[in-house]
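*Asks:* Provided below: model_21.cif, containing mmCIF, C-alpha atoms.
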```
data_protein
#
loop_
_atom_site.label_atom_id
_atom_site.label_comp_id
_atom_site.auth_asym_id
_atom_site.auth_seq_id
_atom_site.Cartn_x
_atom_site.Cartn_y
_atom_site.Cartn_z
CA MET E 1 -32.26 -20.98 2.48
CA GLU E 2 -35.73 -22.20 1.65
CA ARG E 3 -37.33 -21.51 -1.74
CA MET E 4 -38.31 -17.83 -2.11
CA ASN E 5 -42.02 -17.09 -2.10
CA LEU E 6 -43.78 -14.63 -4.43
CA GLU E 7 -43.75 -11.78 -1.94
CA ARG E 8 -39.99 -11.96 -1.57
CA LEU E 9 -39.66 -12.09 -5.33
CA ALA E 10 -41.98 -9.08 -5.61
CA ARG E 11 -39.49 -7.08 -3.53
CA LEU E 12 -36.77 -7.86 -6.08
CA VAL E 13 -38.70 -6.08 -8.82
CA ASP E 14 -37.10 -2.81 -7.70
CA GLU E 15 -34.56 -3.87 -5.09
CA ARG E 16 -31.25 -5.71 -5.53
CA PRO E 17 -31.16 -9.29 -4.27
CA THR E 18 -28.83 -10.15 -1.40
CA PRO E 19 -25.93 -12.45 -2.33
CA GLU E 20 -27.82 -15.33 -0.76
CA GLU E 21 -30.97 -14.54 -2.75
CA GLN E 22 -28.90 -14.18 -5.91
CA LYS E 23 -27.45 -17.63 -5.36
CA VAL E 24 -30.94 -19.10 -5.02
CA LEU E 25 -32.09 -17.29 -8.16
CA ASP E 26 -29.05 -18.49 -10.12
CA GLY E 27 -29.88 -22.06 -9.28
CA ASP E 28 -33.59 -21.91 -10.09
CA PRO E 29 -34.72 -21.01 -13.65
CA GLY E 30 -38.37 -21.19 -12.55
CA LEU E 31 -37.80 -18.46 -9.95
CA ARG E 32 -36.01 -16.30 -12.50
CA ARG E 33 -38.97 -16.64 -14.88
CA GLU E 34 -41.35 -15.64 -12.07
CA LEU E 35 -39.21 -12.60 -11.27
CA GLU E 36 -39.22 -11.59 -14.93
CA ALA E 37 -43.01 -12.00 -15.01
CA LEU E 38 -43.34 -9.79 -11.92
CA LYS E 39 -41.13 -7.14 -13.51
CA GLU E 40 -43.18 -7.28 -16.68
CA GLN E 41 -46.35 -6.96 -14.61
CA SER E 42 -45.07 -3.79 -12.91
CA TRP E 43 -43.93 -2.38 -16.24
CA SER E 44 -47.35 -3.03 -17.74
CA LEU E 45 -49.06 -1.37 -14.78
CA ARG E 46 -46.82 1.68 -15.17
CA ASN E 47 -47.88 1.93 -18.80
CA LEU E 48 -51.61 1.50 -18.39
CA PRO E 49 -53.37 4.08 -20.56
CA ALA E 50 -55.71 6.81 -19.38
CA LEU E 51 -59.37 5.77 -19.16
CA LEU E 52 -62.26 7.37 -20.98
CA PRO E 53 -64.45 9.30 -18.59
CA PRO E 54 -68.15 8.54 -18.96
CA VAL E 55 -70.02 10.35 -21.72
CA GLY E 56 -71.90 13.28 -20.28
CA GLY E 57 -69.46 13.70 -17.40
CA TRP E 58 -68.77 17.28 -18.32
CA HIS E 59 -72.44 18.28 -18.47
CA GLN E 60 -73.00 16.94 -14.98
CA LEU E 61 -69.89 18.68 -13.71
CA GLU E 62 -70.85 21.91 -15.47
CA LYS E 63 -74.20 21.88 -13.66
CA GLU E 64 -72.55 21.33 -10.30
CA LEU E 65 -69.91 23.99 -10.91
CA SER E 66 -72.58 26.46 -11.99
CA ALA E 67 -74.72 25.63 -8.97
CA ALA E 68 -71.70 26.20 -6.73
CA GLY E 69 -71.05 29.53 -8.44
CA LEU E 70 -67.63 28.38 -9.60
CA ILE E 71 -68.20 29.02 -13.30
CA HIS E 72 -70.21 31.34 -15.48
CA GLY E 73 -70.54 31.81 -19.22
CA GLN E 74 -70.96 29.29 -21.96
CA SER E 75 -68.65 26.37 -22.46
CA ARG E 76 -67.82 25.30 -25.99
CA ALA E 77 -70.27 22.43 -25.61
CA ALA E 78 -72.99 24.91 -24.79
CA VAL E 79 -71.94 26.97 -27.81
CA TRP E 80 -72.11 23.79 -29.88
CA ARG E 81 -75.60 23.03 -28.60
CA LYS E 82 -76.65 26.58 -29.42
CA TRP E 83 -75.16 26.23 -32.88
CA MET E 84 -77.05 22.98 -33.40
CA GLN E 85 -80.28 24.65 -32.32
CA VAL E 86 -79.75 27.51 -34.71
CA ALA E 87 -78.78 25.10 -37.49
CA ALA E 88 -81.95 23.11 -36.83
CA ALA E 89 -83.99 26.31 -36.90
CA VAL E 90 -82.40 27.29 -40.22
CA VAL E 91 -83.13 23.83 -41.65
CA LEU E 92 -86.75 24.12 -40.53
CA PHE E 93 -86.96 27.57 -42.04
CA ILE E 94 -85.54 26.42 -45.39
CA GLY E 95 -87.78 23.35 -45.26
CA GLY E 96 -90.78 25.53 -44.56
CA THR E 97 -89.79 27.84 -47.37
CA SER E 98 -89.55 24.93 -49.81
CA VAL E 99 -92.89 23.53 -48.70
CA GLY E 100 -94.44 26.95 -49.05
CA TRP E 101 -92.93 27.40 -52.51
CA VAL E 102 -94.16 23.97 -53.70
CA SER E 103 -97.61 24.67 -52.28
CA ALA E 104 -97.71 28.10 -53.90
CA SER E 105 -96.72 26.60 -57.25
CA ALA E 106 -99.61 24.14 -56.93
CA GLY E 107 -101.98 26.99 -56.26
CA GLU E 108 -102.61 25.89 -52.69
CA PRO E 109 -102.85 28.27 -49.76
CA GLY E 110 -99.64 26.84 -48.29
CA LEU E 111 -97.55 29.95 -48.80
CA GLN E 112 -97.88 30.73 -45.12
CA ALA E 113 -96.06 27.50 -44.18
CA GLY E 114 -92.72 29.27 -43.94
CA GLY E 115 -94.18 32.35 -42.28
CA GLY E 116 -93.83 35.96 -43.40
CA GLU E 117 -90.08 35.56 -44.03
CA SER E 118 -90.85 32.71 -46.44
CA ALA E 119 -93.04 34.92 -48.52
CA ALA E 120 -90.38 37.64 -48.56
CA THR E 121 -87.70 35.12 -49.55
CA LEU E 122 -89.85 33.59 -52.23
CA ALA E 123 -90.55 37.00 -53.70
CA SER E 124 -86.86 37.28 -54.61
CA PHE E 125 -86.78 33.85 -56.32
CA GLU E 126 -87.10 33.55 -60.05
CA ALA E 127 -89.98 31.14 -60.41
CA PRO E 128 -88.72 27.97 -62.07
CA THR E 129 -90.97 26.44 -64.67
CA THR E 130 -89.35 23.03 -65.14
CA ILE E 131 -88.08 20.26 -62.86
CA ASP E 132 -84.51 21.02 -63.95
CA GLU E 133 -84.86 24.68 -63.01
CA ALA E 134 -86.42 23.74 -59.70
CA THR E 135 -83.57 21.30 -59.03
CA ALA E 136 -81.00 23.96 -59.90
CA LEU E 137 -82.70 26.41 -57.58
CA VAL E 138 -82.71 23.90 -54.73
CA GLU E 139 -79.01 23.16 -55.30
CA LEU E 140 -78.19 26.85 -55.37
CA LYS E 141 -80.04 27.49 -52.14
CA ASP E 142 -78.44 24.41 -50.59
CA ARG E 143 -74.96 25.77 -51.41
CA GLU E 144 -75.88 29.17 -50.04
CA PHE E 145 -77.28 27.57 -46.91
CA ARG E 146 -74.14 25.49 -46.34
CA ALA E 147 -71.87 28.49 -46.91
CA ALA E 148 -73.93 30.58 -44.48
CA LEU E 149 -73.90 27.79 -41.92
CA ALA E 150 -70.12 27.35 -42.24
CA GLU E 151 -69.59 31.07 -41.78
CA TYR E 152 -71.91 31.11 -38.79
CA ARG E 153 -70.03 28.20 -37.24
CA ARG E 154 -66.66 29.88 -37.88
CA LEU E 155 -67.79 33.09 -36.21
CA LEU E 156 -69.35 31.28 -33.29
CA LEU E 157 -66.25 29.20 -32.65
CA ALA E 158 -64.02 32.26 -32.97
CA GLN E 159 -66.15 33.94 -30.34
CA ALA E 160 -65.78 30.85 -28.13
CA GLY E 161 -62.01 30.88 -28.60
CA ALA E 162 -62.03 27.41 -30.18
CA GLN E 163 -60.34 26.30 -33.36
CA PRO E 164 -61.42 22.71 -34.10
CA GLY E 165 -58.82 20.83 -36.06
CA GLN E 166 -55.89 22.65 -34.50
CA ASN E 167 -55.67 20.66 -31.32
CA PRO E 168 -57.35 17.53 -29.96
CA ALA E 169 -58.70 19.29 -26.87
CA ALA E 170 -60.69 21.66 -29.07
CA ARG E 171 -61.93 18.82 -31.28
CA LEU E 172 -62.92 16.48 -28.48
CA PRO E 173 -66.26 18.01 -27.45
CA TYR E 174 -67.44 17.92 -31.07
CA ILE E 175 -66.28 14.35 -31.54
CA GLN E 176 -68.03 13.40 -28.29
CA THR E 177 -71.23 15.04 -29.49
CA ILE E 178 -71.06 13.08 -32.75
CA ALA E 179 -70.25 9.89 -30.83
CA ALA E 180 -73.23 10.35 -28.50
CA ALA E 181 -75.59 10.95 -31.43
CA THR E 182 -74.19 7.97 -33.32
CA HIS E 183 -74.64 5.77 -30.25
CA VAL E 184 -78.31 6.71 -30.16
CA ALA E 185 -78.62 5.94 -33.88
CA ALA E 186 -76.88 2.56 -33.45
CA GLU E 187 -79.19 1.65 -30.58
CA ALA E 188 -82.21 2.51 -32.72
CA HIS E 189 -80.82 0.63 -35.76
CA PRO E 190 -78.44 -2.02 -34.40
CA GLY E 191 -78.19 -3.90 -37.70
CA ASP E 192 -77.43 -0.91 -39.92
CA PRO E 193 -73.95 -1.42 -41.43
CA PHE E 194 -73.44 2.27 -42.27
CA ILE E 195 -74.31 3.48 -38.78
CA ASN E 196 -72.19 0.77 -37.19
CA SER E 197 -69.13 1.47 -39.32
CA TYR E 198 -69.57 5.19 -38.70
CA LEU E 199 -69.81 4.53 -34.96
CA VAL E 200 -66.58 2.54 -35.05
CA ARG E 201 -64.79 5.40 -36.86
CA VAL E 202 -66.12 8.00 -34.44
CA MET E 203 -65.11 5.93 -31.42
CA GLU E 204 -61.63 5.43 -32.88
CA GLU E 205 -61.32 9.15 -33.48
CA GLN E 206 -62.48 9.88 -29.94
CA ALA E 207 -60.01 7.40 -28.46
CA GLN E 208 -57.21 8.86 -30.57
CA ALA E 209 -58.03 12.41 -29.49
CA LEU E 210 -58.08 11.34 -25.86
CA ARG E 211 -54.76 9.53 -26.21
CA GLN E 212 -53.23 12.60 -27.83
CA ILE E 213 -54.58 14.91 -25.14
CA SER E 214 -53.28 12.56 -22.51
CA GLN E 215 -49.79 12.36 -24.05
CA ASP E 216 -49.49 16.03 -24.94
CA ASN E 217 -50.59 17.46 -21.65
CA TRP E 218 -49.70 15.07 -18.92
CA ASN E 219 -46.30 13.60 -19.52
CA MET B 1 -43.53 11.50 -8.38
CA THR B 2 -42.10 13.58 -11.19
CA HIS B 3 -43.35 14.74 -14.54
CA SER B 4 -41.17 15.98 -17.35
CA PRO B 5 -41.58 19.64 -18.28
CA GLY B 6 -43.81 20.57 -21.19
CA LYS B 7 -42.44 19.92 -24.64
CA ASN B 8 -43.65 23.24 -25.95
CA PRO B 9 -42.69 26.29 -23.83
CA GLY B 10 -45.64 28.21 -25.31
CA SER B 11 -48.09 25.57 -24.17
CA ARG B 12 -47.36 26.36 -20.51
CA GLU B 13 -48.13 30.02 -21.09
CA ILE B 14 -51.37 29.11 -22.84
CA GLU B 15 -52.22 26.84 -19.94
CA ALA B 16 -51.40 29.58 -17.45
CA GLN B 17 -53.86 31.85 -19.27
CA LEU B 18 -56.48 29.12 -19.20
CA ILE B 19 -55.98 28.69 -15.46
CA ARG B 20 -56.28 32.42 -14.87
CA ARG B 21 -59.52 32.48 -16.84
CA ALA B 22 -60.79 29.39 -15.04
CA CYS B 23 -60.03 31.10 -11.71
CA GLU B 24 -62.29 33.92 -12.80
CA GLY B 25 -65.07 31.42 -13.44
CA ASP B 26 -64.79 31.24 -17.22
CA GLY B 27 -66.74 28.09 -18.12
CA ARG B 28 -64.99 27.70 -21.46
CA ALA B 29 -61.57 27.71 -19.83
CA VAL B 30 -62.68 25.14 -17.26
CA ARG B 31 -64.08 22.99 -20.05
CA THR B 32 -60.77 23.13 -21.91
CA LEU B 33 -58.88 22.05 -18.80
CA TYR B 34 -61.42 19.28 -18.29
CA ASP B 35 -60.99 18.06 -21.86
CA ARG B 36 -57.23 17.94 -21.46
CA TYR B 37 -57.04 16.17 -18.15
CA ALA B 38 -60.29 14.27 -17.63
CA PRO B 39 -58.91 10.95 -18.94
CA ARG B 40 -55.98 10.93 -16.55
CA VAL B 41 -58.03 12.15 -13.61
CA TYR B 42 -60.68 9.55 -14.34
CA ALA B 43 -58.04 6.82 -14.73
CA VAL B 44 -56.53 7.34 -11.30
CA VAL B 45 -59.82 7.73 -9.44
CA ARG B 46 -61.34 4.78 -11.32
CA ARG B 47 -58.48 2.53 -10.28
CA ILE B 48 -58.66 3.68 -6.68
CA ALA B 49 -62.47 3.39 -6.61
CA GLY B 50 -62.57 -0.08 -8.13
CA ASP B 51 -65.83 0.38 -10.05
CA ASP B 52 -67.32 2.73 -12.63
CA ASP B 53 -70.25 4.17 -10.68
CA THR B 54 -68.17 5.12 -7.68
CA ALA B 55 -65.43 6.43 -9.95
CA GLN B 56 -67.82 8.82 -11.65
CA ASP B 57 -68.74 10.35 -8.29
CA TYR B 58 -65.11 10.53 -7.21
CA ALA B 59 -64.08 12.19 -10.47
CA GLN B 60 -66.78 14.84 -10.12
CA GLU B 61 -65.72 15.52 -6.56
CA ALA B 62 -62.07 15.75 -7.58
CA TRP B 63 -62.85 18.28 -10.30
CA ILE B 64 -65.01 20.40 -8.03
CA ARG B 65 -62.26 20.46 -5.43
CA ALA B 66 -59.68 21.33 -8.04
CA ILE B 67 -61.69 24.20 -9.51
CA ARG B 68 -62.44 25.47 -6.02
CA ALA B 69 -58.74 25.31 -5.16
CA LEU B 70 -57.55 26.86 -8.44
CA PRO B 71 -56.78 30.26 -6.86
CA THR B 72 -54.24 28.49 -4.63
CA PHE B 73 -52.36 27.08 -7.64
CA ARG B 74 -49.14 29.08 -7.82
CA GLY B 75 -47.52 27.31 -10.75
CA ASP B 76 -44.59 25.92 -8.72
CA ALA B 77 -45.44 22.44 -9.99
CA ARG B 78 -47.01 21.58 -13.32
CA PHE B 79 -50.76 21.95 -13.33
CA SER B 80 -51.11 18.27 -14.28
CA THR B 81 -49.10 17.23 -11.22
CA TRP B 82 -51.09 19.52 -8.95
CA LEU B 83 -54.39 18.28 -10.34
CA HIS B 84 -53.27 14.69 -10.07
CA ARG B 85 -52.51 15.14 -6.37
CA ILE B 86 -55.93 16.60 -5.78
CA ALA B 87 -57.56 13.71 -7.64
CA VAL B 88 -55.62 11.10 -5.66
CA ASN B 89 -56.25 12.77 -2.30
CA SER B 90 -59.89 13.33 -3.10
CA ALA B 91 -60.39 9.71 -4.11
CA LEU B 92 -58.51 8.36 -1.11
CA GLN B 93 -60.55 10.52 1.21
CA ALA B 94 -63.77 9.40 -0.45
CA VAL B 95 -62.73 5.76 -0.04
CA ARG B 96 -62.07 6.35 3.66
CA LYS B 97 -65.48 8.00 4.08
CA GLU B 98 -67.15 5.15 2.23
CA LYS B 99 -65.31 2.62 4.33
CA THR B 100 -66.52 4.10 7.56
CA ARG B 101 -70.05 4.24 6.14
CA ARG B 102 -70.22 0.59 5.23
CA MET B 103 -67.66 -2.15 5.53
CA ARG B 104 -67.77 -4.04 2.29
CA GLU B 105 -66.43 -7.52 1.91
CA VAL B 106 -65.73 -8.64 -1.61
CA PRO B 107 -64.61 -12.24 -2.11
CA VAL B 108 -61.32 -12.30 -3.95
CA PRO B 109 -61.18 -14.96 -6.65
CA GLU B 110 -57.84 -16.57 -7.35
CA VAL B 111 -58.24 -16.22 -11.10
CA VAL B 112 -59.58 -13.20 -12.97
CA PRO B 113 -62.43 -14.42 -15.17
CA VAL B 114 -61.63 -12.67 -18.44
CA ALA B 115 -62.17 -14.38 -21.78
CA PRO B 116 -58.96 -15.15 -23.65
CA ASP B 117 -58.09 -12.88 -26.56
CA VAL B 118 -54.94 -11.43 -28.08
CA GLY B 119 -53.06 -8.14 -27.92
CA ASP B 120 -52.37 -5.30 -25.53
CA VAL B 121 -56.00 -4.41 -25.04
CA LEU B 122 -56.59 -7.76 -23.42
CA LEU B 123 -53.56 -7.37 -21.19
CA GLU B 124 -54.84 -3.98 -20.09
CA ARG B 125 -58.28 -5.43 -19.40
CA ARG B 126 -56.76 -8.27 -17.37
CA LEU B 127 -54.66 -5.86 -15.37
CA GLU B 128 -57.61 -3.54 -14.71
CA ALA B 129 -59.81 -6.47 -13.72
CA ALA B 130 -57.14 -7.86 -11.41
CA LEU B 131 -56.64 -4.41 -9.85
CA ASP B 132 -60.37 -4.20 -9.14
CA ARG B 133 -60.21 -7.50 -7.30
CA LEU B 134 -57.35 -6.63 -4.99
CA PRO B 135 -58.21 -5.84 -1.39
CA GLU B 136 -58.57 -2.10 -0.96
CA GLY B 137 -55.38 -1.46 1.01
CA MET B 138 -53.21 -3.37 -1.42
CA ARG B 139 -54.91 -1.81 -4.42
CA LYS B 140 -54.30 1.73 -3.25
CA VAL B 141 -50.60 1.10 -2.63
CA LEU B 142 -50.10 -0.79 -5.90
CA ILE B 143 -51.85 1.93 -7.93
CA LEU B 144 -49.95 4.74 -6.28
CA HIS B 145 -46.57 3.00 -6.56
CA ASP B 146 -46.61 0.90 -9.72
CA VAL B 147 -49.17 2.81 -11.80
CA GLU B 148 -48.69 6.40 -10.63
CA GLY B 149 -45.04 6.30 -9.66
CA TYR B 150 -45.32 7.54 -6.05
CA THR B 151 -42.48 6.76 -3.63
CA HIS B 152 -43.18 4.82 -0.44
CA GLU B 153 -42.68 8.00 1.56
CA GLU B 154 -45.27 9.81 -0.55
CA ILE B 155 -47.67 6.90 -0.23
CA GLY B 156 -47.11 6.86 3.52
CA THR B 157 -48.05 10.54 3.71
CA ALA B 158 -51.11 10.11 1.49
CA LEU B 159 -52.42 7.03 3.29
CA GLY B 160 -51.26 7.81 6.83
CA VAL B 161 -49.05 4.72 7.11
CA THR B 162 -45.32 4.16 7.41
CA ALA B 163 -43.11 3.64 4.38
CA GLY B 164 -42.45 0.11 5.65
CA THR B 165 -46.16 -0.70 5.66
CA SER B 166 -46.43 0.68 2.15
CA LYS B 167 -43.61 -1.60 0.99
CA SER B 168 -45.08 -4.64 2.67
CA GLN B 169 -48.50 -3.98 1.11
CA LEU B 170 -46.90 -3.44 -2.29
CA PHE B 171 -45.11 -6.78 -2.28
CA LYS B 172 -48.26 -8.58 -1.19
CA ALA B 173 -50.25 -6.80 -3.89
CA ARG B 174 -47.75 -7.67 -6.60
CA ALA B 175 -47.75 -11.30 -5.53
CA LYS B 176 -51.54 -11.46 -5.47
CA MET B 177 -51.76 -9.84 -8.90
CA ARG B 178 -49.22 -12.32 -10.20
CA ARG B 179 -51.26 -15.25 -8.88
CA MET B 180 -54.41 -13.92 -10.52
CA LEU B 181 -52.69 -13.26 -13.85
CA ARG B 182 -50.79 -16.56 -13.75
CA GLY B 183 -54.09 -18.36 -13.47
CA PHE B 184 -55.18 -16.59 -16.59
CA GLU B 185 -51.97 -17.44 -18.46
CA SER B 186 -52.40 -21.16 -17.83
CA SER B 187 -55.98 -21.09 -19.10
CA ALA B 188 -54.85 -19.08 -22.15
CA LYS B 189 -52.17 -21.69 -22.86
CA GLU B 190 -54.80 -24.41 -22.69
CA VAL B 191 -56.84 -22.52 -25.25
CA GLU B 192 -53.78 -22.16 -27.50
CA ALA B 193 -53.02 -25.87 -27.17
CA TRP B 194 -56.56 -26.78 -28.19
CA SER B 195 -56.52 -24.37 -31.10
CA VAL B 196 -53.30 -25.82 -32.65
#
```
Take the structure in the file and write it out as structure tokens.

*Replies:*
Amino acid sequence: MERMNLERLARLVDERPTPEEQKVLDGDPGLRRELEALKEQSWSLRNLPALLPPVGGWHQLEKELSAAGLIHGQSRAAVWRKWMQVAAAVVLFIGGTSVGWVSASAGEPGLQAGGGESAATLASFEAPTTIDEATALVELKDREFRAALAEYRRLLLAQAGAQPGQNPAARLPYIQTIAAATHVAAEAHPGDPFINSYLVRVMEEQAQALRQISQDNWN
Amino acid sequence: MTHSPGKNPGSREIEAQLIRRACEGDGRAVRTLYDRYAPRVYAVVRRIAGDDDTAQDYAQEAWIRAIRALPTFRGDARFSTWLHRIAVNSALQAVRKEKTRRMREVPVPEVVPVAPDVGDVLLERRLEAALDRLPEGMRKVLILHDVEGYTHEEIGTALGVTAGTSKSQLFKARAKMRRMLRGFESSAKEVEAWSV
């Protein structure tokens, strides 16, 4: 029998060799090594991990599904976007309020910067007279703002049926949103060590969540 | 191909609820299913497609088909298995359409040009790169058999060929992969020798 070629060896990855083939293998350590390498190759292929879908894949799909009339209602990502918009609006409002308050303290006609609500809010403030009092007031309002934001987020997520932190599937859209934003920041500031290390952590977290989702729900 | 049953009995009930909601067009439920299964769906269509751009289109198409077909899912098989079949069939069909549209001829290098490195990540990259460079027919059979665990009979049904043809293509594909990866190993050994 002539020396076995690779294709014949490839068959022996999952089939038993004939007695004749076994005899050839027994007498040729090089062939045995090749067979082992082929088996290892198949094993490695069987254990290839899942692949990350492209960022933004869901948004594109969501549009197509909506256009086809296959889905309605908000996804969690849409809820997240809405939450971000509201959060941004609240930040702008607080910012406007602060600007208005500083302007008012300086006797400038800037009280209108935060709008009518700003004036109403400011009316309930005790006017600080020192930097320390002003700092304390800002810190107090910051804590109140964060608490209100956290409560808003909790209620919004409860409405969306999501509980981030409980399972990777619920966390993933948020991690992806952070990852996308961090990517943009890293592109704008490629040499920034903080942004880069943050990006690495976010990407690791994203990969871990995807691995967990893949393991928990597929196998 | 077989998949083991869910580890948590409650998780199947939760999934069944998600599917019911998704059938009714609940975007949040569809999103949750997407988050769970997108990596595996993307993995199989990416490997069949052979490149990222095409894979993205194939994955979208697979998901649209799956959501459209959700009302036909009876729960006899696991949802993951059902979805996987749709993804594979959708990608294979898209490849066939693409093939009839334009015959592409990609030169197949003997050695996969991947820079030497260490660890599993590199091995995965080498394998993925070698898969991309296999001729289409071999790639499909190798992915379905060695990566996805299909039998030759199942591959024959999916590809419209006999089980014998599937086997023959598989052995050729394994041999070609081995030649490509062997070429890499020898260059990696040279690098190691120089670095000692």

*Asks:* Using all atoms listed in the file, select each residue of chain B with any atom at most 6 Å away from an atom of chain E, and give the selection as a VMD selection string.

*Replies:* chain B and resid 3 25 to 28 35 to 36 39 to 40 42 to 43 80 146 to 147 171 to 172 175

*Asks:* Using all atoms listed in the file, which of the listed residues (B:Gly183, B:Gly160, B:Gly75, B:Gly137) sits closest to Ala16 of chain B?

*Replies:* B:Gly75

*Asks:* How many Å separate atom CA of Leu181 of chain B from atom CA of Glu136 of chain B?

*Replies:* 18.0 Å

*Asks:* Apply the PyMOL selection byres ((chain B and resi 48) around 9) to the displayed file and report the matching residues as a PyMOL selection string.

*Replies:* chain B and resi 43-47+49-51+55+88+91-92+95+131-132+136+139-140+143-144

*Asks:* For atom CA of Pro135 of chain B and atom CA of Met180 of chain B, quote the distance in Å rounded to one decimal.

*Replies:*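 About the pair atom CA of Pro135 of chain B and atom CA of Met180 of chain B: they are 12.8 Å apart.
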
*Asks:* What separation in Å, quoted to one decimal, exists between atom CA of Val202 of chain E and atom CA of Ile178 of chain E?

*Replies:* 7.3 Å

*Asks:* Between B:Cys23, B:Gln56, B:Arg31, B:Gln17, single out the one closest to Arg68 of chain B, counting only C-alpha atoms.

*Replies:*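 Ranked by minimum distance to Arg68 of chain B, first place goes to B:Cys23.
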
*Asks:* Any chance you could resolve the PyMOL selection byres ((chain B and resi 71-74) around 10) against this file and give the residues as JSON, numbers by chain?

*Replies:* {"B": [16, 19, 20, 22, 23, 24, 66, 67, 68, 69, 70, 75, 76, 77, 78, 79, 82, 83]}

*Asks:* Near segment 180-191 of chain E, counting only C-alpha atoms, which residues have an atom at most 10 Å away, once you skip same-chain residues fewer than 3 positions from it, shown as a list in words?

*Replies:*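 The contact residues come out as Val55, Gly56, Tyr174, Ile175, Gln176, Thr177, Phe194, Ile195, Asn196, Ser197, Tyr198, Leu199, Val200, Val202 and Met203 of chain E.
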
*Asks:* Could you give me segment 148-153 of chain B completed to all heavy atoms, formatted as a tab-separated table (two decimals), in the frame of the given file?

*Replies:*
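The resulting file, part-v5.tsv, is reproduced below:
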```tsv
chain	number	residue	atom	x	y	z
B	148	GLU	N	-48.86	4.95	-10.67
B	148	GLU	CA	-48.69	6.40	-10.63
B	148	GLU	C	-47.28	6.86	-10.30
B	148	GLU	O	-46.99	8.04	-10.41
B	148	GLU	CB	-49.68	7.02	-9.64
B	148	GLU	CG	-51.15	6.69	-9.93
B	148	GLU	CD	-51.63	7.24	-11.28
B	148	GLU	OE1	-51.01	8.20	-11.78
B	148	GLU	OE2	-52.59	6.70	-11.83
B	149	GLY	N	-46.44	5.95	-9.86
B	149	GLY	CA	-45.04	6.30	-9.66
B	149	GLY	C	-44.73	7.02	-8.35
B	149	GLY	O	-43.69	7.68	-8.24
B	150	TYR	N	-45.60	6.93	-7.35
B	150	TYR	CA	-45.32	7.54	-6.05
B	150	TYR	C	-44.20	6.77	-5.35
B	150	TYR	O	-44.04	5.56	-5.56
B	150	TYR	CB	-46.56	7.49	-5.16
B	150	TYR	CG	-47.59	8.57	-5.42
B	150	TYR	CD1	-48.02	8.88	-6.69
B	150	TYR	CD2	-48.17	9.26	-4.35
B	150	TYR	CE1	-48.98	9.86	-6.92
B	150	TYR	CE2	-49.13	10.24	-4.56
B	150	TYR	CZ	-49.53	10.53	-5.85
B	150	TYR	OH	-50.47	11.49	-6.06
B	151	THR	N	-43.46	7.46	-4.48
B	151	THR	CA	-42.48	6.76	-3.63
B	151	THR	C	-43.22	6.23	-2.40
B	151	THR	O	-44.35	6.65	-2.10
B	151	THR	CB	-41.37	7.73	-3.16
B	151	THR	OG1	-41.98	8.72	-2.33
B	151	THR	CG2	-40.68	8.39	-4.34
B	152	HIS	N	-42.54	5.35	-1.65
B	152	HIS	CA	-43.18	4.82	-0.44
B	152	HIS	C	-43.40	5.93	0.60
B	152	HIS	O	-44.39	5.89	1.35
B	152	HIS	CB	-42.33	3.68	0.14
B	152	HIS	CG	-42.39	2.44	-0.69
B	152	HIS	ND1	-43.54	1.69	-0.82
B	152	HIS	CD2	-41.46	1.84	-1.47
B	152	HIS	CE1	-43.31	0.67	-1.63
B	152	HIS	NE2	-42.05	0.73	-2.05
B	153	GLU	N	-42.50	6.89	0.62
B	153	GLU	CA	-42.68	8.00	1.56
B	153	GLU	C	-43.92	8.82	1.19
B	153	GLU	O	-44.71	9.21	2.06
B	153	GLU	CB	-41.43	8.90	1.55
B	153	GLU	CG	-40.22	8.31	2.25
B	153	GLU	CD	-39.60	7.14	1.48
B	153	GLU	OE1	-39.78	7.08	0.24
B	153	GLU	OE2	-38.97	6.27	2.11
```
